[in-house]
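For reference, my_file_18.cif (mmCIF, C-alpha atoms, pLDDT in the B column; chains and numbers go by the auth columns):
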data_coords
loop_
_atom_site.group_PDB
_atom_site.id
_atom_site.type_symbol
_atom_site.label_atom_id
_atom_site.label_comp_id
_atom_site.label_asym_id
_atom_site.label_seq_id
_atom_site.Cartn_x
_atom_site.Cartn_y
_atom_site.Cartn_z
_atom_site.B_iso_or_equiv
_atom_site.auth_seq_id
_atom_site.auth_asym_id
ATOM 1 C CA MET A 1 120.356 115.817 113.782 37.00 144 A
ATOM 2 C CA GLU A 2 118.135 118.894 113.731 44.00 145 A
ATOM 3 C CA ILE A 3 117.682 121.402 110.982 45.00 146 A
ATOM 4 C CA SER A 4 118.725 124.909 112.034 58.00 147 A
ATOM 5 C CA MET A 5 115.814 126.747 113.624 71.00 148 A
ATOM 6 C CA LYS A 6 117.431 129.576 115.539 84.00 149 A
ATOM 7 C CA ASN A 7 115.567 132.730 114.532 90.00 150 A
ATOM 8 C CA ILE A 8 112.377 132.897 116.588 94.00 151 A
ATOM 9 C CA THR A 9 109.917 135.797 116.344 95.00 152 A
ATOM 10 C CA ILE A 10 107.339 136.470 119.061 96.00 153 A
ATOM 11 C CA LEU A 11 104.210 138.512 118.281 96.00 154 A
ATOM 12 C CA ASP A 12 102.353 139.183 121.534 96.00 155 A
ATOM 13 C CA ASP A 13 101.146 142.404 123.173 95.00 156 A
ATOM 14 C CA ASP A 14 101.961 141.113 126.659 95.00 157 A
ATOM 15 C CA VAL A 15 105.271 142.926 127.193 95.00 158 A
ATOM 16 C CA GLU A 16 106.104 141.144 130.438 95.00 159 A
ATOM 17 C CA LEU A 17 105.520 137.702 128.923 95.00 160 A
ATOM 18 C CA CYS A 18 107.636 138.602 125.884 96.00 161 A
ATOM 19 C CA GLU A 19 110.502 139.675 128.135 96.00 162 A
ATOM 20 C CA LEU A 20 110.265 136.449 130.123 96.00 163 A
ATOM 21 C CA LEU A 21 110.189 134.279 126.984 96.00 164 A
ATOM 22 C CA SER A 22 113.031 136.238 125.383 96.00 165 A
ATOM 23 C CA VAL A 23 115.332 135.736 128.350 95.00 166 A
ATOM 24 C CA PHE A 24 114.509 132.040 128.613 95.00 167 A
ATOM 25 C CA LEU A 25 114.730 131.213 124.894 95.00 168 A
ATOM 26 C CA LYS A 26 117.962 133.186 124.449 94.00 169 A
ATOM 27 C CA GLY A 27 119.362 131.079 127.268 93.00 170 A
ATOM 28 C CA GLU A 28 118.336 127.995 125.238 91.00 171 A
ATOM 29 C CA GLY A 29 120.381 129.208 122.268 91.00 172 A
ATOM 30 C CA PHE A 30 117.692 130.893 120.163 92.00 173 A
ATOM 31 C CA THR A 31 117.839 134.348 118.569 92.00 174 A
ATOM 32 C CA ILE A 32 114.674 136.235 119.514 94.00 175 A
ATOM 33 C CA ASN A 33 112.834 139.132 117.865 93.00 176 A
ATOM 34 C CA VAL A 34 109.790 140.566 119.620 95.00 177 A
ATOM 35 C CA PHE A 35 106.849 142.544 118.248 95.00 178 A
ATOM 36 C CA ASN A 36 103.969 143.781 120.378 95.00 179 A
ATOM 37 C CA HIS A 37 101.727 145.035 117.568 94.00 180 A
ATOM 38 C CA PRO A 38 100.748 143.524 114.185 94.00 181 A
ATOM 39 C CA ASP A 39 101.534 146.781 112.364 93.00 182 A
ATOM 40 C CA THR A 40 105.183 146.764 113.380 92.00 183 A
ATOM 41 C CA PHE A 41 105.437 143.040 112.697 92.00 184 A
ATOM 42 C CA PHE A 42 104.264 143.382 109.107 90.00 185 A
ATOM 43 C CA ALA A 43 106.249 146.595 108.596 88.00 186 A
ATOM 44 C CA GLU A 44 109.536 145.339 110.040 81.00 187 A
ATOM 45 C CA GLY A 45 109.456 141.672 110.935 61.00 188 A
ATOM 46 C CA PHE A 46 107.562 139.570 108.454 68.00 189 A
ATOM 47 C CA GLU A 47 109.921 140.087 105.537 62.00 190 A
ATOM 48 C CA ASN A 48 112.953 139.276 107.681 64.00 191 A
ATOM 49 C CA GLU A 49 114.223 135.717 107.958 75.00 192 A
ATOM 50 C CA ILE A 50 112.030 133.845 110.439 85.00 193 A
ATOM 51 C CA ASP A 51 112.504 130.183 111.299 89.00 194 A
ATOM 52 C CA LEU A 52 109.442 130.023 113.569 93.00 195 A
ATOM 53 C CA LEU A 53 106.736 132.424 114.756 95.00 196 A
ATOM 54 C CA ILE A 54 105.118 132.410 118.200 97.00 197 A
ATOM 55 C CA LEU A 55 101.752 134.122 117.665 96.00 198 A
ATOM 56 C CA ASP A 56 99.213 135.227 120.253 95.00 199 A
ATOM 57 C CA VAL A 57 95.509 135.055 119.390 93.00 200 A
ATOM 58 C CA MET A 58 94.472 138.241 121.199 92.00 201 A
ATOM 59 C CA LEU A 59 96.253 141.217 119.654 94.00 202 A
ATOM 60 C CA PRO A 60 95.351 144.893 119.119 93.00 203 A
ATOM 61 C CA GLY A 61 94.034 145.899 115.718 92.00 204 A
ATOM 62 C CA MET A 62 94.195 142.431 114.141 93.00 205 A
ATOM 63 C CA ASN A 63 93.715 139.107 115.880 93.00 206 A
ATOM 64 C CA GLY A 64 96.033 136.158 115.530 94.00 207 A
ATOM 65 C CA PHE A 65 93.711 134.301 113.173 94.00 208 A
ATOM 66 C CA GLU A 66 93.708 137.168 110.665 94.00 209 A
ATOM 67 C CA ILE A 67 97.486 137.388 110.912 94.00 210 A
ATOM 68 C CA LEU A 68 97.847 133.640 110.364 94.00 211 A
ATOM 69 C CA LYS A 69 95.681 133.862 107.229 92.00 212 A
ATOM 70 C CA LYS A 70 97.937 136.598 105.817 91.00 213 A
ATOM 71 C CA ILE A 71 101.046 134.608 106.643 90.00 214 A
ATOM 72 C CA ARG A 72 99.764 131.371 105.103 88.00 215 A
ATOM 73 C CA ALA A 73 98.897 133.225 101.894 85.00 216 A
ATOM 74 C CA LYS A 74 102.614 133.675 101.255 83.00 217 A
ATOM 75 C CA SER A 75 104.644 131.589 103.699 84.00 218 A
ATOM 76 C CA GLY A 76 104.835 128.120 105.216 83.00 219 A
ATOM 77 C CA VAL A 77 106.889 129.277 108.217 87.00 220 A
ATOM 78 C CA PRO A 78 106.090 127.150 111.296 90.00 221 A
ATOM 79 C CA VAL A 79 103.665 128.880 113.682 93.00 222 A
ATOM 80 C CA ILE A 80 102.942 128.100 117.331 95.00 223 A
ATOM 81 C CA MET A 81 99.811 129.887 118.544 94.00 224 A
ATOM 82 C CA LEU A 82 99.238 131.038 122.107 93.00 225 A
ATOM 83 C CA THR A 83 95.628 130.720 123.239 88.00 226 A
ATOM 84 C CA ALA A 84 93.691 131.458 126.424 80.00 227 A
ATOM 85 C CA ARG A 85 93.302 128.435 128.684 66.00 228 A
ATOM 86 C CA GLY A 86 89.980 126.708 128.123 64.00 229 A
ATOM 87 C CA GLU A 87 89.389 128.292 124.713 70.00 230 A
ATOM 88 C CA ASP A 88 89.198 125.040 122.753 76.00 231 A
ATOM 89 C CA VAL A 89 87.531 126.792 119.813 82.00 232 A
ATOM 90 C CA ASP A 90 90.533 129.102 119.430 82.00 233 A
ATOM 91 C CA ARG A 91 92.886 126.139 119.313 81.00 234 A
ATOM 92 C CA ILE A 92 90.844 124.335 116.674 85.00 235 A
ATOM 93 C CA ILE A 93 90.458 127.442 114.520 88.00 236 A
ATOM 94 C CA GLY A 94 94.191 128.105 114.697 88.00 237 A
ATOM 95 C CA LEU A 95 95.029 124.560 113.609 88.00 238 A
ATOM 96 C CA GLU A 96 92.452 124.685 110.821 88.00 239 A
ATOM 97 C CA LEU A 97 94.053 127.878 109.509 90.00 240 A
ATOM 98 C CA GLY A 98 97.464 126.225 109.371 88.00 241 A
ATOM 99 C CA ALA A 99 99.121 126.631 112.770 91.00 242 A
ATOM 100 C CA ASP A 100 101.655 123.885 113.488 90.00 243 A
ATOM 101 C CA ASP A 101 100.969 123.739 117.207 91.00 244 A
ATOM 102 C CA TYR A 102 99.484 125.680 120.114 90.00 245 A
ATOM 103 C CA LEU A 103 100.010 126.327 123.802 91.00 246 A
ATOM 104 C CA ALA A 104 97.386 127.486 126.282 90.00 247 A
ATOM 105 C CA LYS A 105 98.325 130.328 128.631 90.00 248 A
ATOM 106 C CA PRO A 106 99.752 130.157 131.200 90.00 249 A
ATOM 107 C CA PHE A 107 102.440 127.686 130.186 92.00 250 A
ATOM 108 C CA ASN A 108 105.929 126.643 131.190 94.00 251 A
ATOM 109 C CA PRO A 109 108.594 128.180 128.904 94.00 252 A
ATOM 110 C CA ARG A 110 110.316 124.789 128.894 94.00 253 A
ATOM 111 C CA GLU A 111 107.244 123.333 127.190 93.00 254 A
ATOM 112 C CA LEU A 112 107.458 126.038 124.521 94.00 255 A
ATOM 113 C CA ALA A 113 111.131 125.260 123.913 93.00 256 A
ATOM 114 C CA ALA A 114 110.244 121.560 123.634 91.00 257 A
ATOM 115 C CA ARG A 115 107.557 122.312 121.025 91.00 258 A
ATOM 116 C CA ILE A 116 110.024 124.425 119.002 92.00 259 A
ATOM 117 C CA ARG A 117 112.599 121.649 119.022 89.00 260 A
ATOM 118 C CA ALA A 118 109.974 119.068 118.036 86.00 261 A
ATOM 119 C CA ILE A 119 109.122 121.129 114.951 86.00 262 A
ATOM 120 C CA ALA A 120 112.841 121.465 114.155 83.00 263 A
ATOM 121 C CA ARG A 121 113.366 117.705 114.478 80.00 264 A
ATOM 122 C CA ARG A 122 110.466 116.974 112.115 72.00 265 A
ATOM 123 C CA ALA A 123 111.945 119.272 109.492 66.00 266 A
ATOM 124 C CA GLY A 124 115.455 117.953 110.078 61.00 267 A
ATOM 125 C CA ARG A 125 114.577 114.294 109.663 53.00 268 A
ATOM 126 C CA SER A 126 112.821 114.986 106.360 48.00 269 A
ATOM 127 C CA ALA A 127 115.749 117.062 105.092 45.00 270 A
ATOM 128 C CA LEU A 128 118.126 114.119 105.608 41.00 271 A
ATOM 129 C CA GLN A 129 116.213 111.708 103.369 45.00 272 A
ATOM 130 C CA GLN A 130 117.492 110.750 99.916 43.00 273 A
ATOM 131 C CA PRO A 131 115.096 111.933 97.196 40.00 274 A
ATOM 132 C CA ASP A 132 114.995 108.960 94.825 42.00 275 A
ATOM 133 C CA ARG A 133 115.443 106.123 97.280 51.00 276 A
ATOM 134 C CA GLU A 134 112.876 107.509 99.715 72.00 277 A
ATOM 135 C CA LEU A 135 110.219 108.668 97.242 85.00 278 A
ATOM 136 C CA LEU A 136 106.785 107.550 98.454 91.00 279 A
ATOM 137 C CA LEU A 137 104.038 106.780 95.952 91.00 280 A
ATOM 138 C CA VAL A 138 100.598 105.495 96.949 90.00 281 A
ATOM 139 C CA GLY A 139 97.921 105.686 94.294 87.00 282 A
ATOM 140 C CA ASP A 140 97.926 109.203 92.894 88.00 283 A
ATOM 141 C CA VAL A 141 99.799 110.728 95.857 93.00 284 A
ATOM 142 C CA LYS A 142 103.553 111.232 95.571 93.00 285 A
ATOM 143 C CA LEU A 143 105.697 112.474 98.486 94.00 286 A
ATOM 144 C CA ASN A 144 109.381 113.388 98.308 90.00 287 A
ATOM 145 C CA PRO A 145 110.850 113.609 101.842 85.00 288 A
ATOM 146 C CA ALA A 146 114.067 115.310 100.674 80.00 289 A
ATOM 147 C CA SER A 147 112.472 118.164 98.745 81.00 290 A
ATOM 148 C CA ARG A 148 109.421 118.202 101.058 84.00 291 A
ATOM 149 C CA ARG A 149 107.126 118.302 98.035 89.00 292 A
ATOM 150 C CA VAL A 150 103.791 116.515 97.626 94.00 293 A
ATOM 151 C CA PHE A 151 101.855 115.924 94.421 94.00 294 A
ATOM 152 C CA VAL A 152 98.321 114.671 93.854 93.00 295 A
ATOM 153 C CA GLN A 153 97.649 113.644 90.254 88.00 296 A
ATOM 154 C CA ASP A 154 100.850 115.534 89.297 86.00 297 A
ATOM 155 C CA GLU A 155 99.572 118.768 90.864 92.00 298 A
ATOM 156 C CA GLU A 156 101.674 120.078 93.746 93.00 299 A
ATOM 157 C CA ILE A 157 99.943 120.798 97.041 92.00 300 A
ATOM 158 C CA HIS A 158 101.416 122.830 99.885 90.00 301 A
ATOM 159 C CA LEU A 159 101.424 121.441 103.415 90.00 302 A
ATOM 160 C CA THR A 160 102.481 122.734 106.811 87.00 303 A
ATOM 161 C CA SER A 161 105.349 120.914 108.529 84.00 304 A
ATOM 162 C CA VAL A 162 102.894 118.958 110.694 89.00 305 A
ATOM 163 C CA GLU A 163 100.709 117.987 107.736 92.00 306 A
ATOM 164 C CA PHE A 164 103.765 116.860 105.773 92.00 307 A
ATOM 165 C CA LYS A 165 105.027 114.648 108.597 91.00 308 A
ATOM 166 C CA LEU A 166 101.533 113.267 109.183 94.00 309 A
ATOM 167 C CA LEU A 167 101.183 112.327 105.530 95.00 310 A
ATOM 168 C CA GLU A 168 104.654 110.779 105.477 94.00 311 A
ATOM 169 C CA VAL A 169 103.912 108.560 108.498 94.00 312 A
ATOM 170 C CA LEU A 170 100.555 107.445 107.076 95.00 313 A
ATOM 171 C CA MET A 171 101.977 106.733 103.608 94.00 314 A
ATOM 172 C CA ARG A 172 104.859 104.686 105.004 93.00 315 A
ATOM 173 C CA ALA A 173 102.250 102.535 106.774 93.00 316 A
ATOM 174 C CA ALA A 174 99.797 102.550 103.847 92.00 317 A
ATOM 175 C CA GLY A 175 97.229 99.789 104.160 91.00 318 A
ATOM 176 C CA SER A 176 97.725 99.493 107.927 93.00 319 A
ATOM 177 C CA VAL A 177 96.042 101.293 110.817 94.00 320 A
ATOM 178 C CA VAL A 178 98.206 103.770 112.734 95.00 321 A
ATOM 179 C CA ARG A 179 96.921 104.380 116.259 93.00 322 A
ATOM 180 C CA ARG A 180 96.106 107.985 117.237 91.00 323 A
ATOM 181 C CA GLN A 181 98.568 107.990 120.111 92.00 324 A
ATOM 182 C CA ASP A 182 101.301 106.511 117.899 93.00 325 A
ATOM 183 C CA LEU A 183 100.618 109.219 115.315 93.00 326 A
ATOM 184 C CA ALA A 184 100.728 111.897 117.999 91.00 327 A
ATOM 185 C CA THR A 185 104.048 110.564 119.283 91.00 328 A
ATOM 186 C CA GLN A 186 105.619 110.475 115.824 90.00 329 A
ATOM 187 C CA VAL A 187 104.109 113.668 114.409 91.00 330 A
ATOM 188 C CA LEU A 188 103.530 115.974 117.387 88.00 331 A
ATOM 189 C CA GLU A 189 106.129 114.303 119.633 85.00 332 A
ATOM 190 C CA ARG A 190 103.753 114.189 122.588 86.00 333 A
ATOM 191 C CA THR A 191 100.905 112.068 123.872 86.00 334 A
ATOM 192 C CA LEU A 192 97.367 113.360 123.515 85.00 335 A
ATOM 193 C CA ALA A 193 95.242 114.301 126.485 82.00 336 A
ATOM 194 C CA TYR A 194 91.671 112.994 126.375 77.00 337 A
ATOM 195 C CA GLU A 195 90.234 116.322 125.191 78.00 338 A
ATOM 196 C CA ASP A 196 93.085 117.160 122.793 82.00 339 A
ATOM 197 C CA ARG A 197 91.697 117.123 119.244 86.00 340 A
ATOM 198 C CA SER A 198 94.708 118.756 117.584 88.00 341 A
ATOM 199 C CA LEU A 199 95.752 115.611 115.696 92.00 342 A
ATOM 200 C CA ASP A 200 92.224 115.156 114.322 91.00 343 A
ATOM 201 C CA VAL A 201 92.191 118.756 113.072 92.00 344 A
ATOM 202 C CA HIS A 202 95.512 118.213 111.285 93.00 345 A
ATOM 203 C CA VAL A 203 94.089 115.056 109.675 94.00 346 A
ATOM 204 C CA SER A 204 91.007 117.001 108.569 92.00 347 A
ATOM 205 C CA ASN A 205 93.181 119.723 107.022 92.00 348 A
ATOM 206 C CA LEU A 206 95.281 117.110 105.237 94.00 349 A
ATOM 207 C CA ARG A 207 92.194 115.378 103.858 93.00 350 A
ATOM 208 C CA ARG A 208 90.898 118.683 102.518 91.00 351 A
ATOM 209 C CA LYS A 209 94.174 119.477 100.754 92.00 352 A
ATOM 210 C CA LEU A 210 94.582 115.981 99.296 92.00 353 A
ATOM 211 C CA GLY A 211 90.944 115.723 98.300 87.00 354 A
ATOM 212 C CA ASN A 212 89.004 113.533 100.693 70.00 355 A
ATOM 213 C CA THR A 213 88.096 110.811 98.229 72.00 356 A
ATOM 214 C CA THR A 214 88.965 109.205 94.909 65.00 357 A
ATOM 215 C CA ASN A 215 86.764 107.077 92.692 66.00 358 A
ATOM 216 C CA ASP A 216 87.756 104.113 94.877 64.00 359 A
ATOM 217 C CA GLY A 217 87.021 105.644 98.290 73.00 360 A
ATOM 218 C CA ASP A 218 88.591 107.696 101.070 84.00 361 A
ATOM 219 C CA ARG A 219 92.335 108.310 100.961 90.00 362 A
ATOM 220 C CA ILE A 220 92.642 108.674 104.740 92.00 363 A
ATOM 221 C CA GLN A 221 90.185 106.449 106.552 92.00 364 A
ATOM 222 C CA THR A 222 89.140 106.743 110.190 91.00 365 A
ATOM 223 C CA VAL A 223 89.162 103.459 112.064 91.00 366 A
ATOM 224 C CA ARG A 224 86.824 104.324 114.912 88.00 367 A
ATOM 225 C CA GLY A 225 88.284 103.779 118.355 84.00 368 A
ATOM 226 C CA ASN A 226 91.720 103.013 116.937 89.00 369 A
ATOM 227 C CA GLY A 227 93.321 105.467 114.520 93.00 370 A
ATOM 228 C CA TYR A 228 93.803 106.288 110.851 95.00 371 A
ATOM 229 C CA LEU A 229 94.665 104.346 107.717 94.00 372 A
ATOM 230 C CA PHE A 230 96.036 105.575 104.386 94.00 373 A
ATOM 231 C CA ALA A 231 94.214 103.399 101.881 90.00 374 A
ATOM 232 C CA MET A 232 96.030 101.463 99.170 84.00 375 A
ATOM 233 C CA ILE A 233 94.058 103.050 96.364 71.00 376 A
ATOM 234 C CA ASP A 234 95.170 102.807 92.755 62.00 377 A
ATOM 235 C CA ASP A 235 93.135 104.995 90.442 53.00 378 A
ATOM 236 C CA GLY A 236 95.566 104.641 87.590 50.00 379 A
ATOM 237 C CA SER A 237 97.257 108.012 87.987 44.00 380 A
ATOM 238 C CA ALA A 238 100.435 106.373 89.274 39.00 381 A
ATOM 239 C CA GLU A 239 101.017 105.145 85.724 42.00 382 A
ATOM 240 C CA LYS A 240 101.285 108.680 84.361 38.00 383 A
#
Kindly transcribe the structure held in the file into structure tokens.
Amino acid sequence: MEISMKNITILDDDVELCELLSVFLKGEGFTINVFNHPDTFFAEGFENEIDLLILDVMLPGMNGFEILKKIRAKSGVPVIMLTARGEDVDRIIGLELGADDYLAKPFNPRELAARIRAIARRAGRSALQQPDRELLLVGDVKLNPASRRVFVQDEEIHLTSVEFKLLEVLMRAAGSVVRRQDLATQVLERTLAYEDRSLDVHVSNLRRKLGNTTNDGDRIQTVRGNGYLFAMIDDGSAEK
């Protein structure tokens, strides 16, 4: 079962690409709104109901990174960024700023539709969990899959959909190593190419938001050549 994610907004100044994506995604059952300039997007589109935003990096007047910063200041709406092929720095910056995923141009529209549905499935699976029975508590970190809320030492932190799913997978396997490719399959719903560092950037963002360490050590530990481990750390805050 997937959570409803029908209203897709595209912000890209490439009119021809927007027309192509609109036709294809409408044929896949999505409702599409298109903006070719950041000014019109913020004037007309941003306050409307958006389930997911497809955001180009190169835009007139304001680049995609600046737009993503403004969005993340007030909204956790899922964002897929479109980057130029070969611009690895753009991809990493976008993920660090809170993008859920990215695609390098040119791309197959079917791949974009697959990424959208993967994000919807992640949100849908979490929404189906029972709050009390499924509450996860490891050390001072508490995660509620049903309400999609996370607390560290009783202070709520706000995560993107990818970060939330990543934390949930790691906490469910707390004390055990989760391989990078297994994490990618469960969280991003794809395998990682050799040069794809997107999962590592998401882990870095999650560490920063959780607080990298406690008095007992790292919360999320890197097991070199293998994957990541959420440590079974008890600093006493779970008793509060």
Residues returned when the PyMOL selection byres ((chain A and resi 248) around 12) runs on this file, as a ChimeraX atom specification:
/A:157,160,199-201,224-230,234,245-247,249-252,254-255
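Excluding A:Gly354 itself and any same-chain residue fewer than 6 positions from it, the protein and nucleic acid residues within 10 Å of it, counting all atoms listed in the file, are Val295, Asn348, Asp361, Arg362 and Ile363 of chain A.
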Selection: 9 Å around A:Ile153, only C-alpha atoms, excl. self and same-chain fewer than 4 positions, as a PyMOL selection string
chain A and resi 161+164-165+175-179+195-199
My list of candidates is A:Arg340, A:Val321, A:Ile300, A:Ile151. Which is closest to A:Thr174 when distances are computed with all atoms listed in the file?
A:Ile151
Answer key for the PyMOL selection byres ((chain A and resi 215) around 12), residues as number ranges by chain
A: 189, 196, 208-214, 216-222, 237-243, 301-303
Counting only C-alpha atoms, the residue among A:Gly370, A:Leu279, A:Gln296, A:Phe307 that lies closest to A:Asp325 is A:Gly370
Tell me which residues come within 8 Å of (101.4, 101.8, 96.9), as a VMD selection string, counting only C-alpha atoms in the file's coordinates.
chain A and resid 280 to 282 317 375 to 377
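Between atom CA of A:Lys169 and atom CA of A:Ile235 the separation is 29.6 Å.
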Would you compute the distance between atom CA of A:Phe167 and atom CA of A:Ala257? Give it in Å to one decimal.
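So the answer is 12.4 Å.
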Using all atoms listed in the file: which of A:Leu326, A:Ile236, A:Met205, A:Ile259 has the shortest distance to A:Glu171
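With all atoms listed in the file as the atom set, the closest residue is A:Ile259.
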Missing atoms in stretch 302-317 of chain A should be modelled up to N, CA and C atoms and reported as a PDB file, in the coordinates of the input.
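Result file part-v3.pdb:
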ATOM      1  N   LEU A 302     101.787 121.899 102.083  1.00 90.00           N
ATOM      2  CA  LEU A 302     101.424 121.441 103.415  1.00 90.00           C
ATOM      3  C   LEU A 302     102.256 122.156 104.471  1.00 90.00           C
ATOM      4  N   THR A 303     101.695 122.268 105.677  1.00 87.00           N
ATOM      5  CA  THR A 303     102.481 122.734 106.811  1.00 87.00           C
ATOM      6  C   THR A 303     103.436 121.614 107.216  1.00 87.00           C
ATOM      7  N   SER A 304     104.383 121.928 108.100  1.00 84.00           N
ATOM      8  CA  SER A 304     105.349 120.914 108.529  1.00 84.00           C
ATOM      9  C   SER A 304     104.664 119.745 109.227  1.00 84.00           C
ATOM     10  N   VAL A 305     103.617 120.030 110.009  1.00 89.00           N
ATOM     11  CA  VAL A 305     102.894 118.958 110.694  1.00 89.00           C
ATOM     12  C   VAL A 305     102.143 118.102 109.687  1.00 89.00           C
ATOM     13  N   GLU A 306     101.463 118.738 108.742  1.00 92.00           N
ATOM     14  CA  GLU A 306     100.709 117.987 107.736  1.00 92.00           C
ATOM     15  C   GLU A 306     101.631 117.110 106.909  1.00 92.00           C
ATOM     16  N   PHE A 307     102.814 117.636 106.566  1.00 92.00           N
ATOM     17  CA  PHE A 307     103.765 116.860 105.773  1.00 92.00           C
ATOM     18  C   PHE A 307     104.207 115.613 106.538  1.00 92.00           C
ATOM     19  N   LYS A 308     104.579 115.791 107.807  1.00 91.00           N
ATOM     20  CA  LYS A 308     105.027 114.648 108.597  1.00 91.00           C
ATOM     21  C   LYS A 308     103.901 113.650 108.797  1.00 91.00           C
ATOM     22  N   LEU A 309     102.693 114.142 109.017  1.00 94.00           N
ATOM     23  CA  LEU A 309     101.533 113.267 109.183  1.00 94.00           C
ATOM     24  C   LEU A 309     101.311 112.422 107.935  1.00 94.00           C
ATOM     25  N   LEU A 310     101.366 113.056 106.782  1.00 95.00           N
ATOM     26  CA  LEU A 310     101.183 112.327 105.530  1.00 95.00           C
ATOM     27  C   LEU A 310     102.302 111.307 105.336  1.00 95.00           C
ATOM     28  N   GLU A 311     103.529 111.693 105.643  1.00 94.00           N
ATOM     29  CA  GLU A 311     104.654 110.779 105.477  1.00 94.00           C
ATOM     30  C   GLU A 311     104.487 109.530 106.341  1.00 94.00           C
ATOM     31  N   VAL A 312     104.101 109.709 107.603  1.00 94.00           N
ATOM     32  CA  VAL A 312     103.912 108.560 108.498  1.00 94.00           C
ATOM     33  C   VAL A 312     102.802 107.651 107.982  1.00 94.00           C
ATOM     34  N   LEU A 313     101.691 108.242 107.563  1.00 95.00           N
ATOM     35  CA  LEU A 313     100.555 107.445 107.076  1.00 95.00           C
ATOM     36  C   LEU A 313     100.900 106.709 105.784  1.00 95.00           C
ATOM     37  N   MET A 314     101.632 107.377 104.875  1.00 94.00           N
ATOM     38  CA  MET A 314     101.977 106.733 103.608  1.00 94.00           C
ATOM     39  C   MET A 314     102.979 105.602 103.819  1.00 94.00           C
ATOM     40  N   ARG A 315     103.893 105.761 104.751  1.00 93.00           N
ATOM     41  CA  ARG A 315     104.859 104.686 105.004  1.00 93.00           C
ATOM     42  C   ARG A 315     104.163 103.440 105.573  1.00 93.00           C
ATOM     43  N   ALA A 316     103.015 103.658 106.211  1.00 93.00           N
ATOM     44  CA  ALA A 316     102.250 102.535 106.774  1.00 93.00           C
ATOM     45  C   ALA A 316     100.995 102.261 105.948  1.00 93.00           C
ATOM     46  N   ALA A 317     100.989 102.666 104.685  1.00 92.00           N
ATOM     47  CA  ALA A 317      99.797 102.550 103.847  1.00 92.00           C
ATOM     48  C   ALA A 317      99.231 101.132 103.883  1.00 92.00           C
TER      49      ALA A 317
END
